[in-house]
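Text of data_34.tsv (TSV, C-alpha atoms (C1' of nucleotides)) as supplied:
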chain	number	residue	atom	x	y	z
A	979	MET	CA	-6.92	2.62	20.18
A	980	ASP	CA	-7.04	-0.74	21.92
A	981	GLU	CA	-5.41	-4.06	21.16
A	982	THR	CA	-8.03	-4.97	18.54
A	983	ASP	CA	-7.31	-1.76	16.63
A	984	LYS	CA	-3.61	-2.58	16.69
A	985	LYS	CA	-4.31	-6.07	15.36
A	986	ILE	CA	-6.33	-4.52	12.54
A	987	ILE	CA	-3.54	-2.08	11.72
A	988	ARG	CA	-0.90	-4.79	11.72
A	989	ALA	CA	-2.99	-7.02	9.47
A	990	LEU	CA	-3.68	-4.22	7.01
A	991	GLN	CA	-0.04	-3.17	6.90
A	992	ARG	CA	0.86	-6.69	5.88
A	993	ASN	CA	-1.97	-6.93	3.36
A	994	GLY	CA	-3.84	-3.78	2.52
A	995	ARG	CA	-6.34	-5.60	0.32
A	996	LEU	CA	-7.52	-8.05	2.94
A	997	SER	CA	-11.28	-8.43	2.64
A	998	ASN	CA	-13.24	-7.21	5.61
A	999	GLN	CA	-14.45	-10.75	6.23
A	1000	ASP	CA	-10.96	-12.21	6.40
A	1001	LEU	CA	-9.82	-9.29	8.53
A	1002	SER	CA	-12.69	-9.74	10.96
A	1003	GLU	CA	-11.76	-13.41	11.41
A	1004	LYS	CA	-8.13	-12.53	12.11
A	1005	VAL	CA	-9.14	-10.12	14.88
A	1006	ASN	CA	-11.98	-12.25	16.31
A	1007	LEU	CA	-14.81	-9.91	15.46
A	1008	SER	CA	-17.83	-10.10	13.24
A	1009	PRO	CA	-17.62	-8.16	9.97
A	1010	SER	CA	-19.64	-5.10	10.89
A	1011	PRO	CA	-17.84	-3.86	14.01
A	1012	CYS	CA	-14.59	-4.70	12.24
A	1013	LEU	CA	-15.47	-2.49	9.30
A	1014	ARG	CA	-16.54	0.28	11.66
A	1015	ARG	CA	-13.19	0.17	13.42
A	1016	VAL	CA	-11.35	0.36	10.11
A	1017	ARG	CA	-13.42	3.38	9.02
A	1018	ASN	CA	-12.75	5.08	12.37
A	1019	LEU	CA	-9.01	4.50	12.03
A	1020	GLU	CA	-9.21	6.01	8.55
A	1021	LYS	CA	-11.18	9.04	9.75
A	1022	ALA	CA	-8.80	9.56	12.68
A	1023	GLY	CA	-5.91	9.58	10.21
A	1024	VAL	CA	-4.15	6.61	11.78
A	1025	ILE	CA	-4.64	4.74	8.55
A	1026	ASP	CA	-3.62	7.36	6.03
A	1027	GLY	CA	-4.44	5.40	2.89
A	1028	TYR	CA	-3.60	2.25	1.00
A	1029	ALA	CA	-0.95	1.70	-1.63
A	1030	ALA	CA	0.31	-0.93	-3.99
A	1031	ILE	CA	3.95	-1.72	-3.18
A	1032	VAL	CA	5.89	-1.64	-6.43
A	1033	ASP	CA	9.30	-3.19	-7.07
A	1034	GLN	CA	11.52	-0.27	-8.13
A	1035	GLU	CA	13.80	-2.39	-10.28
A	1036	ALA	CA	11.03	-4.30	-12.01
A	1037	TYR	CA	9.42	-0.95	-12.73
A	1038	GLY	CA	12.65	0.27	-14.33
A	1039	LEU	CA	14.01	2.51	-11.58
A	1040	PRO	CA	17.02	0.68	-10.16
A	1041	VAL	CA	18.93	3.69	-8.79
A	1042	THR	CA	18.34	4.97	-5.24
A	1043	VAL	CA	20.29	7.96	-3.97
A	1044	PHE	CA	20.21	9.65	-0.59
A	1045	LEU	CA	20.74	13.35	-1.02
A	1046	GLN	CA	21.62	15.57	1.92
A	1047	VAL	CA	20.81	19.23	1.47
A	1048	ARG	CA	21.94	22.20	3.52
A	1049	LEU	CA	20.24	25.58	3.10
A	1050	GLU	CA	22.05	28.91	3.11
A	1051	ARG	CA	19.46	30.50	5.38
A	1052	HIS	CA	16.88	28.91	7.63
A	1053	GLY	CA	14.20	31.57	7.71
A	1054	GLN	CA	10.60	30.66	7.04
A	1055	ASP	CA	10.82	31.85	3.43
A	1056	SER	CA	13.82	29.71	2.53
A	1057	VAL	CA	12.31	26.68	4.20
A	1058	ASP	CA	8.90	27.13	2.55
A	1059	THR	CA	10.44	27.59	-0.89
A	1060	PHE	CA	12.53	24.46	-0.52
A	1061	GLU	CA	9.76	22.29	0.87
A	1062	ALA	CA	7.31	23.42	-1.81
A	1063	ALA	CA	9.86	22.48	-4.47
A	1064	VAL	CA	10.38	19.08	-2.85
A	1065	ALA	CA	6.66	18.43	-2.89
A	1066	ARG	CA	6.53	19.06	-6.63
A	1067	ILE	CA	9.44	16.84	-7.66
A	1068	ASP	CA	8.30	13.29	-8.37
A	1069	GLU	CA	11.74	11.67	-8.10
A	1070	ILE	CA	11.88	12.64	-4.40
A	1071	MET	CA	10.12	9.79	-2.64
A	1072	GLU	CA	10.86	10.91	0.91
A	1073	CYS	CA	12.15	14.05	2.58
A	1074	TYR	CA	13.04	14.47	6.26
A	1075	LEU	CA	13.95	17.57	8.20
A	1076	MET	CA	17.00	16.55	10.20
A	1077	ALA	CA	18.46	17.58	13.52
A	1078	GLY	CA	22.08	18.67	13.60
A	1079	ASP	CA	22.92	21.36	11.07
A	1080	ARG	CA	19.29	21.70	9.96
A	1081	ASP	CA	19.79	19.49	6.96
A	1082	TYR	CA	17.29	17.72	4.81
A	1083	LEU	CA	17.66	14.09	3.86
A	1084	LEU	CA	15.98	13.04	0.62
A	1085	ARG	CA	15.50	9.61	-0.92
A	1086	VAL	CA	15.63	9.99	-4.69
A	1087	VAL	CA	14.68	7.32	-7.22
A	1088	VAL	CA	15.81	7.44	-10.87
A	1089	ALA	CA	16.41	5.08	-13.79
A	1090	SER	CA	20.14	5.65	-14.27
A	1091	LEU	CA	23.17	7.66	-13.25
A	1092	ALA	CA	22.66	9.88	-16.28
A	1093	ASP	CA	19.13	10.59	-15.10
A	1094	TYR	CA	20.48	11.44	-11.67
A	1095	GLU	CA	22.82	14.04	-13.12
A	1096	ASP	CA	19.86	15.40	-15.02
A	1097	PHE	CA	17.79	15.43	-11.85
A	1098	ILE	CA	20.43	17.43	-9.96
A	1099	ARG	CA	20.98	19.92	-12.79
A	1100	ARG	CA	17.36	20.42	-13.85
A	1101	ARG	CA	15.52	20.06	-10.56
A	1102	ILE	CA	17.76	20.64	-7.56
A	1103	HIS	CA	20.06	23.37	-8.88
A	1104	LYS	CA	16.97	25.37	-9.85
A	1105	ILE	CA	15.92	25.67	-6.21
A	1106	PRO	CA	17.31	28.88	-4.69
A	1107	GLY	CA	19.07	29.06	-1.36
A	1108	ILE	CA	20.85	25.72	-1.29
A	1109	ALA	CA	24.26	25.85	0.42
A	1110	SER	CA	25.50	22.33	-0.20
A	1111	LEU	CA	24.58	18.92	-1.57
A	1112	ASP	CA	25.89	15.49	-0.71
A	1113	SER	CA	24.82	12.40	-2.64
A	1114	SER	CA	25.15	8.86	-1.29
A	1115	PHE	CA	24.38	6.03	-3.67
A	1116	ALA	CA	22.72	2.82	-2.58
A	1117	PHE	CA	23.86	-0.51	-4.03
A	1118	GLY	CA	20.60	-2.11	-3.05
A	1119	VAL	CA	17.78	-2.59	-0.61
A	1120	VAL	CA	18.47	-5.04	2.22
A	1121	LYS	CA	15.12	-4.58	3.92
A	1122	ARG	CA	11.94	-2.62	3.49
A	1123	SER	CA	9.04	-3.14	5.86
A	1124	GLN	CA	5.56	-1.69	5.86
A	1125	VAL	CA	4.75	-2.89	9.37
A	1126	LEU	CA	5.50	-0.48	12.20
A	1127	PRO	CA	6.96	-2.01	15.39
A	1128	GLY	CA	4.93	-2.51	18.57
B	1107	MET	CA	4.68	-3.36	-19.63
B	1108	ASP	CA	2.88	-0.80	-21.78
B	1109	GLU	CA	1.30	2.55	-20.98
B	1110	THR	CA	-1.90	0.90	-19.70
B	1111	ASP	CA	0.09	-1.15	-17.19
B	1112	LYS	CA	1.82	2.01	-16.01
B	1113	LYS	CA	-1.53	3.75	-15.57
B	1114	ILE	CA	-2.72	0.80	-13.51
B	1115	ILE	CA	0.40	0.90	-11.36
B	1116	ARG	CA	0.15	4.64	-10.79
B	1117	ALA	CA	-3.52	4.38	-9.86
B	1118	LEU	CA	-2.90	1.52	-7.41
B	1119	GLN	CA	0.05	3.32	-5.82
B	1120	ARG	CA	-2.23	6.25	-5.11
B	1121	ASN	CA	-5.06	4.04	-3.87
B	1122	GLY	CA	-4.33	0.38	-3.28
B	1123	ARG	CA	-7.95	-0.42	-2.46
B	1124	LEU	CA	-9.43	0.88	-5.68
B	1125	SER	CA	-12.11	-1.52	-6.84
B	1126	ASN	CA	-11.39	-3.27	-10.10
B	1127	GLN	CA	-14.38	-1.55	-11.64
B	1128	ASP	CA	-13.20	1.95	-10.75
B	1129	LEU	CA	-9.68	1.05	-11.83
B	1130	SER	CA	-10.88	-0.25	-15.18
B	1131	GLU	CA	-12.70	3.04	-15.81
B	1132	LYS	CA	-9.60	5.07	-15.00
B	1133	VAL	CA	-7.52	3.15	-17.54
B	1134	ASN	CA	-10.23	2.90	-20.21
B	1135	LEU	CA	-10.67	-0.84	-20.12
B	1136	SER	CA	-13.47	-3.19	-19.20
B	1137	PRO	CA	-13.18	-4.94	-15.83
B	1138	SER	CA	-11.95	-8.33	-16.97
B	1139	PRO	CA	-8.84	-7.42	-18.97
B	1140	CYS	CA	-8.05	-4.87	-16.30
B	1141	LEU	CA	-8.14	-7.52	-13.58
B	1142	ARG	CA	-5.99	-9.80	-15.72
B	1143	ARG	CA	-3.36	-7.09	-16.11
B	1144	VAL	CA	-3.30	-6.51	-12.36
B	1145	ARG	CA	-2.86	-10.22	-11.68
B	1146	ASN	CA	-0.05	-10.40	-14.23
B	1147	LEU	CA	1.74	-7.45	-12.63
B	1148	GLU	CA	1.40	-9.22	-9.29
B	1149	LYS	CA	2.74	-12.51	-10.64
B	1150	ALA	CA	5.63	-10.74	-12.37
B	1151	GLY	CA	6.52	-9.14	-9.05
B	1152	VAL	CA	6.12	-5.59	-10.29
B	1153	ILE	CA	3.31	-5.16	-7.79
B	1154	ASP	CA	4.85	-6.68	-4.70
B	1155	GLY	CA	1.86	-6.38	-2.41
B	1156	TYR	CA	-0.53	-3.91	-0.86
B	1157	ALA	CA	-0.22	-2.08	2.43
B	1158	ALA	CA	-2.15	0.27	4.64
B	1159	ILE	CA	-0.16	3.48	5.10
B	1160	VAL	CA	-0.10	4.28	8.80
B	1161	ASP	CA	0.69	7.64	10.39
B	1162	GLN	CA	3.70	7.00	12.64
B	1163	GLU	CA	2.84	9.72	15.10
B	1164	ALA	CA	-0.85	8.87	15.36
B	1165	TYR	CA	0.23	5.28	15.97
B	1166	GLY	CA	2.48	6.42	18.81
B	1167	LEU	CA	5.90	6.25	17.16
B	1168	PRO	CA	6.98	9.85	16.66
B	1169	VAL	CA	10.76	9.29	16.58
B	1170	THR	CA	12.60	8.55	13.33
B	1171	VAL	CA	16.34	8.02	13.35
B	1172	PHE	CA	18.71	7.32	10.48
B	1173	LEU	CA	21.47	5.04	11.65
B	1174	GLN	CA	24.64	4.58	9.63
B	1175	VAL	CA	26.51	1.38	10.33
B	1176	ARG	CA	30.03	0.42	9.34
B	1177	LEU	CA	31.19	-3.18	9.65
B	1178	GLU	CA	34.64	-4.24	10.84
B	1179	ARG	CA	34.99	-6.79	8.07
B	1180	HIS	CA	33.11	-7.14	4.81
B	1181	GLY	CA	33.35	-10.87	4.19
B	1182	GLN	CA	30.25	-12.86	3.32
B	1183	ASP	CA	29.89	-14.10	6.90
B	1184	SER	CA	29.92	-10.64	8.48
B	1185	VAL	CA	27.49	-9.33	5.91
B	1186	ASP	CA	25.11	-12.27	6.25
B	1187	THR	CA	25.10	-12.07	10.04
B	1188	PHE	CA	24.34	-8.37	9.97
B	1189	GLU	CA	21.64	-8.58	7.33
B	1190	ALA	CA	19.93	-11.49	9.07
B	1191	ALA	CA	19.86	-9.47	12.30
B	1192	VAL	CA	18.41	-6.48	10.46
B	1193	ALA	CA	15.65	-8.64	9.02
B	1194	ARG	CA	14.63	-9.76	12.53
B	1195	ILE	CA	14.50	-6.34	14.17
B	1196	ASP	CA	11.06	-4.76	13.83
B	1197	GLU	CA	12.15	-1.20	14.58
B	1198	ILE	CA	14.27	-1.19	11.40
B	1199	MET	CA	11.84	-0.16	8.69
B	1200	GLU	CA	14.38	0.15	5.88
B	1201	CYS	CA	17.98	-0.88	5.32
B	1202	TYR	CA	20.16	0.03	2.35
B	1203	LEU	CA	23.61	-1.19	1.39
B	1204	MET	CA	25.49	1.96	0.51
B	1205	ALA	CA	28.33	2.79	-1.84
B	1206	GLY	CA	31.35	4.55	-0.41
B	1207	ASP	CA	32.80	2.87	2.66
B	1208	ARG	CA	30.41	-0.06	2.41
B	1209	ASP	CA	28.07	1.34	4.98
B	1210	TYR	CA	24.51	0.49	5.75
B	1211	LEU	CA	21.86	3.14	6.17
B	1212	LEU	CA	18.90	2.18	8.38
B	1213	ARG	CA	15.67	3.99	9.07
B	1214	VAL	CA	14.62	3.23	12.62
B	1215	VAL	CA	11.25	4.04	14.18
B	1216	VAL	CA	10.69	4.17	17.95
B	1217	ALA	CA	8.34	5.77	20.49
B	1218	SER	CA	10.85	7.90	22.37
B	1219	LEU	CA	14.49	8.79	22.87
B	1220	ALA	CA	14.63	6.41	25.79
B	1221	ASP	CA	13.39	3.63	23.54
B	1222	TYR	CA	16.06	4.52	21.02
B	1223	GLU	CA	18.77	4.12	23.62
B	1224	ASP	CA	17.20	0.80	24.50
B	1225	PHE	CA	17.11	-0.18	20.84
B	1226	ILE	CA	20.83	0.57	20.39
B	1227	ARG	CA	21.86	-1.24	23.59
B	1228	ARG	CA	19.59	-4.27	23.32
B	1229	ARG	CA	19.42	-4.79	19.55
B	1230	ILE	CA	22.30	-3.15	17.73
B	1231	HIS	CA	25.14	-3.67	20.21
B	1232	LYS	CA	24.27	-7.36	20.30
B	1233	ILE	CA	25.17	-7.73	16.62
B	1234	PRO	CA	28.82	-8.77	16.25
B	1235	GLY	CA	31.26	-7.14	13.86
B	1236	ILE	CA	30.06	-3.55	13.92
B	1237	ALA	CA	32.87	-0.99	13.62
B	1238	SER	CA	30.95	2.23	14.07
B	1239	LEU	CA	27.51	3.75	14.46
B	1240	ASP	CA	26.24	7.19	13.60
B	1241	SER	CA	22.72	8.29	14.50
B	1242	SER	CA	20.94	11.21	12.80
B	1243	PHE	CA	17.63	12.28	14.28
B	1244	ALA	CA	14.77	13.54	12.15
B	1245	PHE	CA	12.62	16.42	13.37
B	1246	GLY	CA	9.85	15.43	11.03
B	1247	VAL	CA	8.67	14.17	7.69
B	1248	VAL	CA	8.43	16.80	4.97
B	1249	LYS	CA	7.30	14.41	2.25
B	1250	ARG	CA	6.56	10.75	1.80
B	1251	SER	CA	5.28	9.46	-1.51
B	1252	GLN	CA	4.13	6.03	-2.58
B	1253	VAL	CA	4.08	6.85	-6.29
B	1254	LEU	CA	7.27	6.15	-8.24
B	1255	PRO	CA	8.26	8.74	-10.86
B	1256	GLY	CA	7.83	8.21	-14.59
C	830	DC	C1'	-29.01	-1.70	40.96
C	831	DC	C1'	-30.60	0.81	37.18
C	832	DC	C1'	-29.76	3.92	33.52
C	833	DT	C1'	-26.84	5.68	29.94
C	834	DT	C1'	-23.53	4.99	26.43
C	835	DA	C1'	-20.61	2.38	23.57
C	836	DT	C1'	-19.89	-1.67	21.08
C	837	DT	C1'	-21.37	-5.75	18.89
C	838	DG	C1'	-23.83	-9.24	15.71
C	839	DG	C1'	-27.16	-10.25	12.16
C	840	DC	C1'	-29.60	-9.25	8.13
C	841	DA	C1'	-30.81	-7.69	3.30
C	842	DG	C1'	-30.04	-5.29	-0.73
C	843	DG	C1'	-26.76	-4.08	-3.78
C	844	DA	C1'	-22.03	-3.80	-5.51
C	845	DC	C1'	-18.17	-6.31	-6.77
C	846	DC	C1'	-15.01	-10.17	-8.10
C	847	DT	C1'	-13.77	-13.91	-11.08
C	848	DG	C1'	-13.53	-17.67	-14.37
C	849	DC	C1'	-15.31	-18.82	-18.79
C	850	DC	C1'	-16.10	-18.17	-23.86
C	851	DA	C1'	-16.59	-15.78	-28.03
C	852	DA	C1'	-15.25	-11.56	-30.55
C	853	DA	C1'	-11.96	-8.20	-31.82
C	854	DA	C1'	-7.39	-6.55	-32.50
C	855	DT	C1'	-2.67	-7.22	-33.18
C	856	DT	C1'	1.34	-9.54	-35.01
C	857	DA	C1'	4.03	-12.55	-38.04
C	858	DG	C1'	4.86	-15.03	-41.98
C	859	DC	C1'	4.52	-15.54	-46.65
D	844	DG	C1'	-1.31	-7.09	-48.62
D	845	DC	C1'	-3.57	-11.11	-47.23
D	846	DT	C1'	-4.13	-14.94	-44.14
D	847	DA	C1'	-3.35	-17.41	-40.00
D	848	DA	C1'	-1.82	-17.58	-35.34
D	849	DT	C1'	-1.59	-15.26	-31.15
D	850	DT	C1'	-2.78	-11.96	-27.97
D	851	DT	C1'	-5.98	-9.03	-25.90
D	852	DT	C1'	-10.53	-7.70	-25.08
D	853	DG	C1'	-15.64	-7.53	-23.59
D	854	DG	C1'	-19.68	-9.71	-21.70
D	855	DC	C1'	-21.97	-12.83	-18.82
D	856	DA	C1'	-23.32	-15.59	-14.55
D	857	DG	C1'	-22.65	-17.40	-10.17
D	858	DG	C1'	-20.97	-16.53	-6.01
D	859	DT	C1'	-18.60	-13.56	-2.62
D	860	DC	C1'	-18.30	-9.46	-0.29
D	861	DC	C1'	-19.51	-4.71	1.31
D	862	DT	C1'	-22.45	-1.62	3.79
D	863	DG	C1'	-26.11	0.69	6.28
D	864	DC	C1'	-29.66	-0.36	9.46
D	865	DC	C1'	-31.68	-2.29	13.83
D	866	DA	C1'	-31.93	-4.91	17.92
D	867	DA	C1'	-29.13	-7.11	21.47
D	868	DT	C1'	-25.34	-7.19	24.44
D	869	DA	C1'	-21.65	-5.34	27.23
D	870	DA	C1'	-19.39	-1.60	29.81
D	871	DG	C1'	-19.38	2.42	32.83
D	872	DG	C1'	-21.39	5.97	36.14
D	873	DG	C1'	-24.37	7.57	39.55
Using the file provided, produce a representation of the structure as structure tokens.
Amino acid sequence: MDETDKKIIRALQRNGRLSNQDLSEKVNLSPSPCLRRVRNLEKAGVIDGYAAIVDQEAYGLPVTVFLQVRLERHGQDSVDTFEAAVARIDEIMECYLMAGDRDYLLRVVVASLADYEDFIRRRIHKIPGIASLDSSFAFGVVKRSQVLPG
Amino acid sequence: MDETDKKIIRALQRNGRLSNQDLSEKVNLSPSPCLRRVRNLEKAGVIDGYAAIVDQEAYGLPVTVFLQVRLERHGQDSVDTFEAAVARIDEIMECYLMAGDRDYLLRVVVASLADYEDFIRRRIHKIPGIASLDSSFAFGVVKRSQVLPG
DNA sequence: CCCTTATTGGCAGGACCTGCCAAAATTAGC
DNA sequence: GCTAATTTTGGCAGGTCCTGCCAATAAGGG
């Protein structure tokens, strides 16, 4: 992955629908090697896909909550059960395994506070082996970037 | 925003480079009204852009840290100074204004622990008016979704 | 210095986008 | 419940863009 690849990645993070022609101009290449590099980055898994970035509020989901979860036990079974449940629940946009007390940190997106209560009761409390929950509500998003540093 | 618009949004969140023809098939429309709906969603700001999704680790940035920041004062000046600094710092991928003690929660991405120390010393400690910092390290990503629920 | 390998640029056929207009569907008013 | 106005749709045509192939160039090793 040389400097040209990095330029390609940066450009596509900023605008994932850039045409190959425009992209090739930005990175000083002709279209065909440029396209080949993009395909290689995709095959190598560096570029993991493309997504439309949607405004949560405009879409009708103004509430963001960070939910910290602690498990009762940390054996493989407990962990697998929890992570499989997380994968299935659409309201969970992100989930990180954290250092410290082996917690999980989840970013949850819902339409309202009432829906959040519903989410906790109907989705989270159904998962076995949870020791504790801690919800932190976000007033709003100050920054969200798609472009990795470097 | 009717059910067809939502189908379009869901499809483009899953694959932001879907051709208009393929998209129009998925939502049972002919290409031209489909394209018009997409453009309208873009103009309305519901679709805020398109981005390549890049694998942090494959790109050479395996370390994710959640940094909680508390400000000394919460006047407009303090807040503006902090948020302007956040906007400028590339390592900060996300920043949320949190309920509770008026904290900020930042997701920071760096290449190594040494770089994180550098980031705190050279970027964060330079910002005036910070009362306290609390760093939580992530072992890894369990889930990351681009598709909003509903 | 030559040979091997990797990378590039150009080309051609085909797919796709996009702006226009007429047709169809939906809505509102009466 | 009918008509008129408005919105949404589908089709078409010109032009742009993608993509797979081949030769040419550049880079690296013996």
Using all atoms listed in the file and a distance of at most 9 Å, pull out the residues of chain D that contact chain A, as a ChimeraX atom specification. /D:860-862
Restrict the selected residues to C-alpha atoms (C1' of nucleotides) and save them as a PDB file, keeping the file's coordinate frame.
ATOM      1  C1'  DC D 860     -18.300  -9.460  -0.290  1.00  0.00           C
ATOM      2  C1'  DC D 861     -19.510  -4.710   1.310  1.00  0.00           C
ATOM      3  C1'  DT D 862     -22.450  -1.620   3.790  1.00  0.00           C
TER       4       DT D 862
END
Interface, chain C side, toward chain A (10 Å; all atoms listed in the file) as JSON, numbers by chain: {"C": [836, 837, 838, 839]}
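For Val1086 (chain A), the list of residues within 7 Å, based on only C-alpha atoms (C1' of nucleotides) and with local chain neighbours fewer than 4 positions off taken out, reads A:Thr1042, A:Val1043, A:Phe1044, A:Glu1069, A:Ile1070, A:Met1071.
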Taking only C-alpha atoms into account, which residues of chain A are within 7 Å of chain B, as a ChimeraX atom specification? /A:990-995,1023-1033,1036-1037,1061,1065,1068-1069,1071-1077,1114-1124,1127
If you measure from CA of Arg1015 (chain A) to CA of Pro1168 (chain B), what distance in Å do you get, rounded to one decimal? 22.6 Å
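Look at everything within 6 Å of (23.9, 15.2, 1.5) using only C-alpha atoms (C1' of nucleotides), and the residues you get are Leu1045, Gln1046, Val1047, Leu1111, Asp1112 and Ser1113 of chain A.
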Here is a test: counting only C-alpha atoms (C1' of nucleotides), which residue of C:DA841, C:DC850, C:DC831, C:DC859 is nearest to DC864 (chain D)? C:DA841
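CA of Phe1188 (chain B) is found 8.0 Å from CA of Gly1235 (chain B).
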How many Å lie between CA of Glu1131 (chain B) and CA of Asp1111 (chain B), rounded to one decimal? 13.5 Å
Nearest residue to DA853 (chain C) from the set D:DT852, D:DG858, D:DG863, D:DA869 (distances using only C-alpha atoms (C1' of nucleotides)):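 Comparing D:DT852, D:DG858, D:DG863, D:DA869 against DA853 (chain C), the winner is D:DT852.
If all atoms listed in the file are the atoms counted, then among D:DC865, D:DA848, D:DC855, D:DA870 the closest residue to DT855 (chain C) is D:DA848.
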Padding of 3 Å on every side, edges along x, y and z, all listed atoms of region 865-869 of chain D included: what centre and edge lengths in Å, to one decimal, does that box have, as lines of an AutoDock Vina configuration file?
center_x = -26.8
center_y = -4.7
center_z = 20.5
size_x = 16.3
size_y = 10.9
size_z = 19.4
Distance criterion (only C-alpha atoms (C1' of nucleotides)): nearest to DT847 (chain C) out of B:His1180, B:His1231, B:Lys1149, B:Arg1142: B:Arg1142
